Amino acid sequence: MTITKETFFKPGRATAQEKTLATDNAARQIIESEAKLRVQKTERLRELRAKQEAADTLLNPPAEARASRRRKA
């Protein structure tokens with residue numbers, strides 16, 4: 001064990017600014033990780049939706065649009 005000041009004495013009290021910075025950093029990390037997960041989920045769902053739509057168009061091709069008949073006044 002190395003003899004240092006920290007091993008024999010308690011570290012000084014953290015200032016309010018240090019506590020605020022620590023909380024801010026923790027919150028930012030949490031927000032960033034949640035944002036990453038949200039983007040990944042969105043991409044995954046987009047891919048699944050595209051695959052499902054492709055499968056639907058193969059099974060049920062869209063009907064051709066008919067010309068609408070307007071009544072003459």
# chains A, B, ... in the order shown; residues from 1 in each chain; ligands from 1
>>> select_by_dssp(residues="chain A", states="alpha helix (DSSP H)", output="ChimeraX atom specification")
/A:5-8,16-59
>>> atom_distance(atom1="atom CA of Arg13 of chain A", atom2="atom CA of Arg28 of chain A")
23.8 Å
